[in-house]
>>> print(open('entry-v9.tsv').read())   # TSV, C-alpha atoms
chain	number	residue	atom	x	y	z
A	1322	LEU	CA	-63.37	-12.73	-22.10
A	1323	HIS	CA	-61.33	-9.88	-20.70
A	1324	ASP	CA	-58.41	-10.60	-23.02
A	1325	ALA	CA	-60.54	-10.49	-26.18
A	1326	LEU	CA	-59.61	-8.20	-29.01
A	1327	PRO	CA	-61.23	-4.73	-28.85
A	1328	ILE	CA	-64.77	-4.63	-30.18
A	1329	SER	CA	-65.42	-2.11	-32.93
A	1330	LEU	CA	-67.58	0.69	-31.60
A	1331	SER	CA	-68.53	1.69	-35.12
A	1332	SER	CA	-70.01	-1.76	-35.73
A	1333	VAL	CA	-72.02	-1.47	-32.50
A	1334	ALA	CA	-73.44	1.91	-33.47
A	1335	ALA	CA	-74.19	0.85	-37.04
A	1336	ASP	CA	-77.21	-1.19	-35.97
A	1337	SER	CA	-78.55	1.36	-33.51
A	1338	ALA	CA	-81.40	3.81	-33.75
A	1339	SER	CA	-80.98	7.28	-32.35
A	1340	PHE	CA	-80.89	7.72	-28.56
A	1341	ILE	CA	-81.43	10.95	-26.64
A	1342	HIS	CA	-78.23	12.17	-24.98
A	1343	PRO	CA	-77.73	12.76	-22.16
A	1344	GLY	CA	-80.41	10.20	-21.55
A	1345	ILE	CA	-79.44	7.87	-18.71
A	1346	LEU	CA	-81.71	8.69	-15.75
A	1347	LEU	CA	-81.32	12.43	-16.48
A	1348	ASN	CA	-81.72	14.61	-19.54
A	1349	ASN	CA	-80.74	18.21	-20.27
A	1350	GLN	CA	-84.13	19.60	-19.26
A	1351	ARG	CA	-84.10	18.07	-15.79
A	1352	LEU	CA	-80.46	18.96	-15.16
A	1353	ASP	CA	-81.12	22.56	-16.19
A	1354	PHE	CA	-84.33	22.76	-14.11
A	1355	VAL	CA	-82.50	21.72	-10.95
A	1356	ARG	CA	-79.54	23.99	-11.66
A	1357	GLU	CA	-81.88	26.98	-11.92
A	1358	ALA	CA	-83.76	25.91	-8.77
A	1359	ILE	CA	-80.46	25.77	-6.86
A	1360	GLU	CA	-79.50	29.22	-8.08
A	1361	GLN	CA	-82.84	30.51	-6.81
A	1362	GLY	CA	-82.36	28.82	-3.41
A	1363	ARG	CA	-85.54	26.77	-3.75
A	1364	LEU	CA	-86.62	23.69	-1.76
A	1365	PRO	CA	-85.92	20.80	-1.76
A	1366	TRP	CA	-83.05	21.32	-4.20
A	1367	GLN	CA	-80.84	23.88	-2.45
A	1368	PRO	CA	-80.31	21.85	0.76
A	1369	SER	CA	-79.94	18.69	-1.33
A	1370	TYR	CA	-77.24	20.40	-3.38
A	1371	ALA	CA	-75.48	21.55	-0.20
A	1372	LEU	CA	-75.49	17.93	1.01
A	1373	LEU	CA	-73.91	16.75	-2.23
A	1374	MET	CA	-71.26	19.46	-2.32
A	1375	ALA	CA	-70.25	18.75	1.30
A	1376	ASP	CA	-69.79	15.04	0.63
A	1377	PRO	CA	-66.24	13.65	0.21
A	1378	LEU	CA	-67.35	12.25	-3.16
A	1379	ALA	CA	-67.58	15.83	-4.46
A	1380	ALA	CA	-64.22	17.00	-3.10
A	1381	LEU	CA	-62.16	19.05	-5.54
A	1382	ASP	CA	-59.07	17.04	-4.53
A	1383	TYR	CA	-60.72	13.63	-4.94
A	1384	ARG	CA	-58.30	10.93	-6.07
A	1385	PRO	CA	-59.37	7.57	-7.54
A	1386	LEU	CA	-57.95	4.18	-6.53
A	1387	PRO	CA	-58.25	1.93	-9.61
A	1388	TRP	CA	-57.52	-1.81	-9.57
A	1389	LYS	CA	-56.38	-4.11	-12.35
A	1390	THR	CA	-58.76	-6.87	-11.20
A	1391	VAL	CA	-61.65	-6.51	-8.74
A	1392	GLU	CA	-62.33	-9.52	-6.52
A	1393	CYS	CA	-65.56	-9.53	-4.49
A	1394	GLY	CA	-67.01	-12.28	-2.38
A	1395	PRO	CA	-70.32	-12.25	-0.46
A	1396	PHE	CA	-70.79	-8.92	1.33
A	1397	SER	CA	-67.49	-7.84	-0.30
A	1398	LYS	CA	-65.43	-10.41	1.59
A	1399	PRO	CA	-62.80	-10.47	0.25
A	1400	ASP	CA	-62.78	-6.81	-0.69
A	1401	LYS	CA	-60.04	-6.48	-3.29
A	1402	GLY	CA	-61.06	-3.29	-5.03
A	1403	CYS	CA	-64.80	-3.67	-4.41
A	1404	SER	CA	-65.25	-0.67	-2.12
A	1405	ASP	CA	-62.78	1.41	-4.11
A	1406	GLU	CA	-64.53	0.71	-7.39
A	1407	VAL	CA	-68.03	1.54	-6.17
A	1408	ARG	CA	-66.78	4.62	-4.34
A	1409	ASP	CA	-64.95	5.87	-7.44
A	1410	ALA	CA	-68.00	5.23	-9.64
A	1411	GLN	CA	-70.15	7.11	-7.13
A	1412	ALA	CA	-67.60	9.92	-7.12
A	1413	ALA	CA	-67.58	10.14	-10.91
A	1414	TYR	CA	-71.38	10.51	-10.91
A	1415	THR	CA	-71.28	12.97	-8.01
A	1416	GLN	CA	-68.59	15.07	-9.67
A	1417	ALA	CA	-70.57	15.04	-12.93
A	1418	LEU	CA	-73.64	16.35	-11.10
A	1419	ALA	CA	-71.53	18.95	-9.29
A	1420	TRP	CA	-70.20	20.12	-12.66
A	1421	SER	CA	-73.66	20.31	-14.18
A	1422	TYR	CA	-75.15	22.24	-11.27
A	1423	SER	CA	-72.23	24.51	-10.34
A	1424	GLY	CA	-70.46	25.06	-13.65
A	1425	GLU	CA	-67.12	24.54	-11.87
A	1426	ARG	CA	-64.94	22.95	-14.56
A	1427	LYS	CA	-62.72	21.20	-12.01
A	1428	HIS	CA	-65.61	18.85	-11.21
A	1429	ALA	CA	-65.89	17.81	-14.85
A	1430	GLU	CA	-62.13	17.29	-14.96
A	1431	ASN	CA	-62.31	15.20	-11.79
A	1432	ALA	CA	-65.03	12.98	-13.26
A	1433	VAL	CA	-62.91	12.51	-16.37
A	1434	ALA	CA	-59.81	11.71	-14.31
A	1435	ILE	CA	-61.69	9.05	-12.32
A	1436	MET	CA	-63.16	7.38	-15.41
A	1437	ASN	CA	-59.87	7.53	-17.29
A	1438	ALA	CA	-57.97	6.03	-14.36
A	1439	TRP	CA	-60.19	2.94	-14.32
A	1440	ALA	CA	-60.26	2.66	-18.12
A	1441	ARG	CA	-56.44	2.63	-18.14
A	1442	THR	CA	-56.11	0.13	-15.29
A	1443	LEU	CA	-58.92	-2.42	-15.21
A	1444	ALA	CA	-57.83	-5.39	-17.33
A	1445	GLY	CA	-58.89	-8.50	-15.37
A	1446	GLY	CA	-62.54	-7.66	-14.87
A	1447	HIS	CA	-64.41	-8.93	-11.81
A	1448	THR	CA	-63.87	-12.25	-10.03
A	1449	HIS	CA	-65.31	-14.29	-7.14
A	1450	SER	CA	-68.98	-14.94	-6.30
A	1451	ASN	CA	-70.23	-11.33	-6.22
A	1452	ALA	CA	-68.52	-10.38	-9.46
A	1453	PRO	CA	-71.72	-9.91	-11.54
A	1454	LEU	CA	-73.38	-7.74	-8.91
A	1455	GLN	CA	-70.22	-5.69	-8.35
A	1456	ALA	CA	-69.88	-5.10	-12.09
A	1457	SER	CA	-73.54	-4.09	-12.30
A	1458	TRP	CA	-73.39	-1.62	-9.41
A	1459	SER	CA	-70.35	0.09	-10.86
A	1460	ALA	CA	-71.60	0.15	-14.45
A	1461	GLN	CA	-74.91	1.66	-13.34
A	1462	LEU	CA	-72.96	4.62	-11.96
A	1463	TRP	CA	-70.14	4.92	-14.51
A	1464	THR	CA	-72.58	5.29	-17.37
A	1465	ARG	CA	-74.58	8.05	-15.66
A	1466	ALA	CA	-71.41	10.03	-15.08
A	1467	ALA	CA	-70.11	9.35	-18.58
A	1468	GLU	CA	-73.34	10.43	-20.22
A	1469	ILE	CA	-73.38	13.80	-18.44
A	1470	ILE	CA	-69.70	14.57	-19.02
A	1471	ARG	CA	-69.69	13.42	-22.65
A	1472	TYR	CA	-72.69	15.49	-23.65
A	1473	ARG	CA	-72.54	18.51	-21.30
A	1474	SER	CA	-68.82	19.34	-21.28
A	1475	ASP	CA	-65.77	19.46	-23.53
A	1476	ALA	CA	-63.50	18.03	-20.83
A	1477	TRP	CA	-63.30	14.46	-22.17
A	1478	ALA	CA	-61.08	13.68	-25.16
A	1479	GLN	CA	-62.59	11.44	-27.83
A	1480	ALA	CA	-59.74	8.92	-27.53
A	1481	HIS	CA	-60.45	8.60	-23.82
A	1482	ILE	CA	-64.18	8.18	-24.45
A	1483	GLU	CA	-63.31	5.33	-26.82
A	1484	ARG	CA	-61.09	3.66	-24.22
A	1485	PHE	CA	-63.79	4.00	-21.55
A	1486	SER	CA	-66.32	2.49	-23.97
A	1487	GLN	CA	-64.02	-0.46	-24.55
A	1488	MET	CA	-63.80	-0.91	-20.78
A	1489	LEU	CA	-67.59	-1.17	-20.55
A	1490	LEU	CA	-67.65	-3.73	-23.36
A	1491	THR	CA	-64.78	-5.92	-22.20
A	1492	GLN	CA	-64.48	-5.45	-18.42
A	1493	TYR	CA	-68.13	-5.01	-17.38
A	1494	LEU	CA	-70.62	-6.38	-19.86
A	1495	PRO	CA	-69.24	-9.97	-19.90
A	1496	ASP	CA	-69.32	-10.14	-16.08
A	1497	ILE	CA	-72.84	-8.72	-15.91
A	1498	GLN	CA	-74.10	-11.15	-18.53
A	1499	ARG	CA	-72.28	-14.03	-16.84
A	1500	GLY	CA	-74.44	-13.32	-13.81
A	1501	ALA	CA	-77.56	-13.78	-15.91
A	1502	ALA	CA	-76.28	-17.15	-17.14
A	1503	GLN	CA	-75.57	-18.26	-13.56
A	1504	ARG	CA	-79.25	-17.83	-12.68
A	1505	ILE	CA	-80.14	-21.06	-14.48
A	1506	GLY	CA	-81.24	-23.52	-11.81
A	1507	ALA	CA	-80.60	-21.24	-8.82
A	1508	CYS	CA	-82.43	-18.00	-8.12
A	1509	HIS	CA	-80.32	-14.95	-7.54
A	1510	TYR	CA	-81.99	-12.28	-5.42
A	1511	GLY	CA	-84.21	-9.84	-7.28
A	1512	ASN	CA	-81.84	-6.94	-6.67
A	1513	TRP	CA	-79.11	-8.83	-8.61
A	1514	GLN	CA	-81.44	-9.23	-11.55
A	1515	ALA	CA	-82.61	-5.62	-11.44
A	1516	SER	CA	-79.09	-4.19	-11.20
A	1517	GLY	CA	-77.91	-6.31	-14.10
A	1518	ILE	CA	-80.82	-5.10	-16.21
A	1519	GLU	CA	-80.15	-1.44	-15.43
A	1520	ALA	CA	-76.43	-1.80	-16.06
A	1521	GLN	CA	-77.01	-3.36	-19.49
A	1522	LEU	CA	-79.63	-0.79	-20.42
A	1523	ASN	CA	-77.31	2.06	-19.45
A	1524	ILE	CA	-74.41	0.60	-21.41
A	1525	GLY	CA	-76.73	0.20	-24.39
A	1526	VAL	CA	-77.70	3.87	-24.28
A	1527	PHE	CA	-74.15	5.14	-23.78
A	1528	LEU	CA	-72.81	2.99	-26.64
A	1529	ASP	CA	-75.84	3.60	-28.89
A	1530	ASP	CA	-76.36	-0.16	-28.93
A	1531	ARG	CA	-80.06	-0.60	-29.67
A	1532	GLN	CA	-80.03	-4.40	-29.36
A	1533	LEU	CA	-78.48	-4.34	-25.88
A	1534	TYR	CA	-81.03	-1.74	-24.82
A	1535	GLU	CA	-83.94	-3.80	-26.19
A	1536	ASN	CA	-82.66	-6.95	-24.49
A	1537	ALA	CA	-82.62	-5.13	-21.16
A	1538	ILE	CA	-86.17	-3.88	-21.72
A	1539	ALA	CA	-87.32	-7.43	-22.42
A	1540	ASP	CA	-85.66	-8.64	-19.20
A	1541	TRP	CA	-87.31	-5.81	-17.22
A	1542	ARG	CA	-90.72	-6.88	-18.50
A	1543	LYS	CA	-90.07	-10.46	-17.39
A	1544	ARG	CA	-88.37	-9.75	-14.08
A	1545	LEU	CA	-90.41	-6.97	-12.48
A	1546	PRO	CA	-93.59	-9.11	-12.15
A	1547	ALA	CA	-91.44	-11.72	-10.39
A	1548	PHE	CA	-90.13	-9.08	-7.96
A	1549	ILE	CA	-93.37	-7.37	-6.80
A	1550	TYR	CA	-96.45	-9.45	-6.04
A	1551	SER	CA	-99.96	-8.53	-7.22
A	1552	SER	CA	-103.17	-10.34	-6.30
A	1553	ALA	CA	-103.82	-10.57	-10.04
A	1554	ASP	CA	-100.92	-13.05	-10.19
A	1555	GLY	CA	-102.95	-15.64	-8.28
A	1556	PRO	CA	-102.28	-17.14	-4.83
A	1557	LEU	CA	-98.52	-17.27	-5.43
A	1558	PRO	CA	-96.05	-14.78	-6.90
A	1559	VAL	CA	-94.91	-15.01	-10.49
A	1560	ALA	CA	-92.04	-17.48	-10.70
A	1561	PRO	CA	-88.83	-16.41	-12.43
A	1562	ALA	CA	-88.53	-18.14	-15.78
A	1563	ASP	CA	-85.29	-19.93	-14.90
A	1564	CYS	CA	-85.72	-21.10	-11.29
A	1565	ALA	CA	-88.17	-21.79	-8.41
A	1566	LYS	CA	-90.22	-24.29	-10.37
A	1567	THR	CA	-92.20	-25.69	-7.40
A	1568	GLU	CA	-94.34	-23.99	-4.76
A	1569	ALA	CA	-91.85	-24.93	-2.04
A	1570	GLU	CA	-88.96	-23.46	-4.03
A	1571	LEU	CA	-90.92	-20.28	-4.67
A	1572	ILE	CA	-91.73	-19.81	-0.98
A	1573	THR	CA	-88.08	-20.37	-0.11
A	1574	TYR	CA	-87.13	-17.78	-2.75
A	1575	TRP	CA	-89.54	-15.34	-1.07
A	1576	GLU	CA	-87.74	-15.79	2.26
A	1577	GLY	CA	-90.34	-18.19	3.68
A	1578	GLN	CA	-93.32	-15.86	3.26
A	1579	THR	CA	-96.56	-17.81	2.77
A	1580	VAL	CA	-99.15	-15.01	2.96
A	1581	PHE	CA	-98.93	-12.81	-0.12
A	1582	VAL	CA	-100.48	-9.35	-0.23
A	1583	THR	CA	-100.35	-6.96	-3.16
A	1584	GLY	CA	-97.15	-4.89	-3.07
A	1585	HIS	CA	-94.97	-7.41	-1.21
A	1586	ALA	CA	-91.53	-7.79	-2.83
A	1587	GLN	CA	-89.30	-10.82	-3.22
A	1588	GLU	CA	-86.70	-9.51	-0.73
A	1589	THR	CA	-89.07	-7.79	1.72
A	1590	CYS	CA	-88.53	-10.45	4.37
A	1591	ARG	CA	-84.79	-10.49	3.80
A	1592	ASP	CA	-84.42	-6.81	4.62
A	1593	LEU	CA	-85.58	-3.50	3.18
A	1594	GLU	CA	-82.08	-2.36	2.23
A	1595	HIS	CA	-81.76	-5.11	-0.39
A	1596	THR	CA	-85.37	-4.54	-1.39
A	1597	ALA	CA	-84.41	-0.92	-2.07
A	1598	TYR	CA	-81.56	-2.02	-4.33
A	1599	GLY	CA	-84.08	-3.82	-6.50
A	1600	PHE	CA	-86.73	-1.09	-6.45
A	1601	ALA	CA	-84.17	1.56	-7.39
A	1602	ALA	CA	-82.81	-0.38	-10.36
A	1603	PHE	CA	-86.22	-1.32	-11.76
A	1604	ILE	CA	-87.41	2.27	-11.35
A	1605	ASN	CA	-84.26	3.71	-12.92
A	1606	VAL	CA	-84.76	1.53	-15.99
A	1607	ALA	CA	-88.29	2.86	-16.31
A	1608	GLU	CA	-87.06	6.45	-16.02
A	1609	THR	CA	-84.32	6.03	-18.63
A	1610	ALA	CA	-86.76	4.29	-20.97
A	1611	TYR	CA	-89.22	7.16	-20.44
A	1612	ILE	CA	-86.54	9.66	-21.50
A	1613	GLN	CA	-85.94	7.50	-24.57
A	1614	GLY	CA	-89.63	7.50	-25.48
A	1615	LEU	CA	-90.90	4.24	-23.95
A	1616	ASP	CA	-93.33	4.31	-21.02
A	1617	LEU	CA	-92.52	1.22	-18.95
A	1618	TYR	CA	-94.06	2.95	-15.96
A	1619	GLU	CA	-97.48	2.68	-17.57
A	1620	GLU	CA	-97.01	-1.01	-18.35
A	1621	GLN	CA	-96.58	-1.81	-14.64
A	1622	SER	CA	-98.11	1.27	-13.05
A	1623	GLN	CA	-100.33	-0.50	-10.53
A	1624	ARG	CA	-97.66	-3.00	-9.51
A	1625	LEU	CA	-95.03	-0.31	-8.97
A	1626	ARG	CA	-97.37	1.99	-7.04
A	1627	ASP	CA	-98.64	-0.87	-4.89
A	1628	GLY	CA	-95.07	-1.87	-4.06
A	1629	MET	CA	-94.11	1.65	-3.05
A	1630	GLU	CA	-97.20	2.17	-0.91
A	1631	PHE	CA	-96.94	-1.27	0.72
A	1632	HIS	CA	-93.40	-0.78	1.96
A	1633	THR	CA	-93.67	2.86	3.00
A	1634	ARG	CA	-96.93	2.16	4.82
A	1635	TYR	CA	-95.34	-0.35	7.18
A	1636	ARG	CA	-92.38	1.90	7.78
A	1637	ASN	CA	-94.68	4.87	8.44
A	1638	GLU	CA	-96.76	2.82	10.90
A	1639	LYS	CA	-93.61	1.40	12.55
A	1640	VAL	CA	-95.53	-1.79	13.35
A	1641	THR	CA	-95.23	-5.04	11.39
A	1642	PRO	CA	-98.18	-7.48	11.50
A	1643	GLU	CA	-97.38	-11.08	12.40
A	1644	TRP	CA	-98.34	-12.39	8.97
A	1645	LEU	CA	-95.65	-10.24	7.35
A	1646	CYS	CA	-92.12	-11.64	7.75
A	1647	ASN	CA	-93.13	-13.16	11.11
A	1648	GLY	CA	-93.63	-9.65	12.46
A	1649	LYS	CA	-90.04	-8.61	11.76
A	1650	LEU	CA	-89.45	-6.07	8.99
A	1651	VAL	CA	-85.76	-5.17	9.01
A	1652	GLY	CA	-84.19	-1.94	7.76
A	1653	ASP	CA	-85.53	0.82	5.55
A	1654	LEU	CA	-85.62	1.92	1.91
A	1655	ASN	CA	-83.70	5.14	2.57
A	1656	GLY	CA	-82.38	6.94	-0.47
A	1657	THR	CA	-84.75	5.80	-3.20
A	1658	LEU	CA	-88.35	6.04	-4.56
A	1659	GLU	CA	-88.03	9.76	-5.44
A	1660	VAL	CA	-87.70	8.95	-9.16
A	1661	ALA	CA	-90.90	6.92	-9.39
A	1662	TYR	CA	-92.76	9.18	-6.95
A	1663	ASN	CA	-92.01	12.14	-9.19
A	1664	HIS	CA	-93.35	10.25	-12.17
A	1665	PHE	CA	-96.60	9.07	-10.63
A	1666	ALA	CA	-97.38	12.01	-8.33
A	1667	ASN	CA	-96.11	14.93	-10.42
A	1668	ARG	CA	-96.25	13.76	-14.03
A	1669	LYS	CA	-99.39	11.66	-13.71
A	1670	GLN	CA	-101.12	13.32	-10.72
A	1671	GLN	CA	-101.66	9.97	-8.97
A	1672	ALA	CA	-101.81	10.09	-5.18
A	1673	LEU	CA	-99.25	8.07	-3.22
A	1674	PRO	CA	-99.92	9.25	0.35
A	1675	GLU	CA	-97.76	6.70	2.20
A	1676	THR	CA	-94.82	7.23	-0.14
A	1677	GLN	CA	-95.19	11.00	0.09
A	1678	ARG	CA	-95.18	10.95	3.89
A	1679	TRP	CA	-92.19	8.61	3.98
A	1680	LEU	CA	-90.16	10.70	1.53
A	1681	LEU	CA	-90.92	14.03	3.20
A	1682	GLU	CA	-89.62	12.71	6.51
A	1683	ARG	CA	-86.32	11.69	4.90
A	1684	ARG	CA	-85.43	14.55	2.55
A	1685	PRO	CA	-82.80	15.34	1.54
A	1686	ALA	CA	-81.61	11.79	0.99
A	1687	ARG	CA	-78.09	10.77	0.00
A	1688	GLY	CA	-78.57	7.14	-0.97
A	1689	TYR	CA	-76.35	4.05	-1.21
A	1690	PHE	CA	-74.41	1.97	-3.73
A	1691	HIS	CA	-75.99	2.50	-7.17
A	1692	TYR	CA	-78.70	4.99	-6.15
A	1693	LEU	CA	-77.56	8.46	-5.10
A	1694	TRP	CA	-78.83	12.02	-4.72
A	1695	GLU	CA	-82.41	11.28	-5.80
A	1696	THR	CA	-83.88	14.18	-3.81
A	1697	LEU	CA	-81.59	16.53	-5.68
A	1698	THR	CA	-81.97	15.05	-9.15
A	1699	HIS	CA	-85.65	14.09	-9.28
A	1700	ALA	CA	-87.74	15.24	-6.32
A	1701	GLU	CA	-90.67	17.45	-7.42
A	1702	THR	CA	-89.19	18.02	-10.87
A	1703	GLY	CA	-92.44	17.17	-12.70
A	1704	SER	CA	-92.19	16.34	-16.38
>>> encode(input="entry-v9.tsv", output="structure tokens")
Amino acid sequence: LHDALPISLSSVAADSASFIHPGILLNNQRLDFVREAIEQGRLPWQPSYALLMADPLAALDYRPLPWKTVECGPFSKPDKGCSDEVRDAQAAYTQALAWSYSGERKHAENAVAIMNAWARTLAGGHTHSNAPLQASWSAQLWTRAAEIIRYRSDAWAQAHIERFSQMLLTQYLPDIQRGAAQRIGACHYGNWQASGIEAQLNIGVFLDDRQLYENAIADWRKRLPAFIYSSADGPLPVAPADCAKTEAELITYWEGQTVFVTGHAQETCRDLEHTAYGFAAFINVAETAYIQGLDLYEEQSQRLRDGMEFHTRYRNEKVTPEWLCNGKLVGDLNGTLEVAYNHFANRKQQALPETQRWLLERRPARGYFHYLWETLTHAETGS
């Protein structure tokens, strides 16, 4: 797949309808709102901006470390380019934000240099068992950076944009989609599914590929109900379409949980860090779709809000009942939920008291892997 002839970008765009650009997670209005809030020294944006600018990812002398092939096993063992790739994708996004908020051209040039370095180098795609997830994490970030730089600066040459686009098509998309095919018969964790959906949606927007975007939306609609439980689903969670066909298989997939309460997530009893990976990706898809004129939030409003309140409640209380994960709730959701909280609480004026308390105690948040700087980019930004 990685040695295939280049795909014509003009043929991809020919079948597309118009997308809003920049339109992956952030649009011009929100970027400008936060930039003005930083200039005015307002909370929570000014301290969040200071946190970003002090991070090594935003360094003016940042240097990328691209690999020809990225090989990632479980928990990045082996780690042949895995950490470098995610870190460089995070840096590209961070530098793009720094450019948009500060106006310092060097940050835009840094983002371009990072993206160009990988587009020149990566030729063997992603290998080993974690390849689809690794490709998804990186693509989620690359596309956010690329969207901002392409449409808010003149620092990126068209020829380099074309080469980067080819990288997404030949070095990322096949690996991400291969992960979806591997789900037949064996359930991947919900965060794998969510990350793959967000990555494909983002690539669709960046490449103006309407069909890829619509396919990701269809997957979101199928997968989110299988990730967050609602009592309306019946006594058991919704089963993924391609695995967990029996009750015993479904309970195993839900980490042995047998008591299901509205808001519980598929990976809750694994740990909250992986649960956060899934929440962030599903929420980010909803936010990007909202920018593009589709309100996925409304389609699953109750389920999303119940999931947020369920998890933040038990972290706020700091006590886990015995029926939930055998009384052991591991980790936290640090770094995410700001995007959806802003939508429900500020756009829609819907109270989320547990989520609000949890977020206020953790601002400003940095984030992990594919979700970064949410306090800065989305907290209290309204509509």
>>> atom_distance(input="entry-v9.tsv", atom1="atom CA of A:Tyr1598", atom2="atom CA of A:Asn1655")
10.2 Å
>>> residues_around(input="entry-v9.tsv", residues="stretch 1493-1498 of chain A", least_positions_apart="6", cutoff="9 Å", atoms="all atoms listed in the file", output="short mmCIF file (atom, residue, chain, number, x, y, z; two decimals) with C-alpha atoms, in the coordinates of the input")
data_model
loop_
_atom_site.label_atom_id
_atom_site.label_comp_id
_atom_site.auth_asym_id
_atom_site.auth_seq_id
_atom_site.Cartn_x
_atom_site.Cartn_y
_atom_site.Cartn_z
CA LEU A 1322 -63.37 -12.73 -22.10
CA HIS A 1323 -61.33 -9.88 -20.70
CA GLY A 1446 -62.54 -7.66 -14.87
CA HIS A 1447 -64.41 -8.93 -11.81
CA THR A 1448 -63.87 -12.25 -10.03
CA ALA A 1452 -68.52 -10.38 -9.46
CA PRO A 1453 -71.72 -9.91 -11.54
CA LEU A 1454 -73.38 -7.74 -8.91
CA GLN A 1455 -70.22 -5.69 -8.35
CA ALA A 1456 -69.88 -5.10 -12.09
CA SER A 1457 -73.54 -4.09 -12.30
CA SER A 1459 -70.35 0.09 -10.86
CA ALA A 1460 -71.60 0.15 -14.45
CA GLY A 1517 -77.91 -6.31 -14.10
CA ILE A 1518 -80.82 -5.10 -16.21
CA ALA A 1520 -76.43 -1.80 -16.06
CA GLN A 1521 -77.01 -3.36 -19.49
CA ILE A 1524 -74.41 0.60 -21.41
#
>>> atom_distance(input="entry-v9.tsv", atom1="atom CA of A:Met1629", atom2="atom CA of A:Leu1418")
26.5 Å
>>> residues_around(input="entry-v9.tsv", residues="A:Trp1575", least_positions_apart="6", cutoff="12 Å", atoms="all atoms listed in the file", output="ChimeraX atom specification")
/A:1508-1511,1547-1550,1557-1561,1565,1568-1569,1581,1585-1592,1596,1645-1646
>>> residues_around(input="entry-v9.tsv", residues="stretch 1344-1354 of chain A", least_positions_apart="4", cutoff="6 Å", atoms="only C-alpha atoms", output="ChimeraX atom specification")
/A:1465,1608-1609
>>> atom_distance(input="entry-v9.tsv", atom1="atom CA of A:Tyr1534", atom2="atom CA of A:Leu1615")
11.6 Å
>>> closest_residue(input="entry-v9.tsv", among="A:Phe1527, A:Trp1463, A:Trp1439, A:Tyr1692", to="A:Pro1343", atoms="only C-alpha atoms")
A:Phe1527
>>> residues_around(input="entry-v9.tsv", residues="A:Arg1471", least_positions_apart="6", cutoff="12 Å", atoms="all atoms listed in the file", output="short mmCIF file (atom, residue, chain, number, x, y, z; two decimals) with C-alpha atoms, in the coordinates of the input")
data_model
loop_
_atom_site.label_atom_id
_atom_site.label_comp_id
_atom_site.auth_asym_id
_atom_site.auth_seq_id
_atom_site.Cartn_x
_atom_site.Cartn_y
_atom_site.Cartn_z
CA HIS A 1342 -78.23 12.17 -24.98
CA PRO A 1343 -77.73 12.76 -22.16
CA GLY A 1344 -80.41 10.20 -21.55
CA ILE A 1345 -79.44 7.87 -18.71
CA ALA A 1417 -70.57 15.04 -12.93
CA SER A 1421 -73.66 20.31 -14.18
CA ALA A 1429 -65.89 17.81 -14.85
CA GLU A 1430 -62.13 17.29 -14.96
CA ALA A 1432 -65.03 12.98 -13.26
CA VAL A 1433 -62.91 12.51 -16.37
CA MET A 1436 -63.16 7.38 -15.41
CA TRP A 1463 -70.14 4.92 -14.51
CA THR A 1464 -72.58 5.29 -17.37
CA ARG A 1465 -74.58 8.05 -15.66
CA TRP A 1477 -63.30 14.46 -22.17
CA ALA A 1478 -61.08 13.68 -25.16
CA GLN A 1479 -62.59 11.44 -27.83
CA ALA A 1480 -59.74 8.92 -27.53
CA HIS A 1481 -60.45 8.60 -23.82
CA ILE A 1482 -64.18 8.18 -24.45
CA GLU A 1483 -63.31 5.33 -26.82
CA PHE A 1485 -63.79 4.00 -21.55
CA SER A 1486 -66.32 2.49 -23.97
CA PHE A 1527 -74.15 5.14 -23.78
CA LEU A 1528 -72.81 2.99 -26.64
#
>>> residues_around(input="entry-v9.tsv", residues="A:Leu1545", least_positions_apart="5", cutoff="9 Å", atoms="all atoms listed in the file", output="short mmCIF file (atom, residue, chain, number, x, y, z; two decimals) with C-alpha atoms, in the coordinates of the input")
data_model
loop_
_atom_site.label_atom_id
_atom_site.label_comp_id
_atom_site.auth_asym_id
_atom_site.auth_seq_id
_atom_site.Cartn_x
_atom_site.Cartn_y
_atom_site.Cartn_z
CA GLY A 1511 -84.21 -9.84 -7.28
CA ALA A 1515 -82.61 -5.62 -11.44
CA ASP A 1540 -85.66 -8.64 -19.20
CA PHE A 1603 -86.22 -1.32 -11.76
CA GLN A 1621 -96.58 -1.81 -14.64
CA ARG A 1624 -97.66 -3.00 -9.51
CA LEU A 1625 -95.03 -0.31 -8.97
#
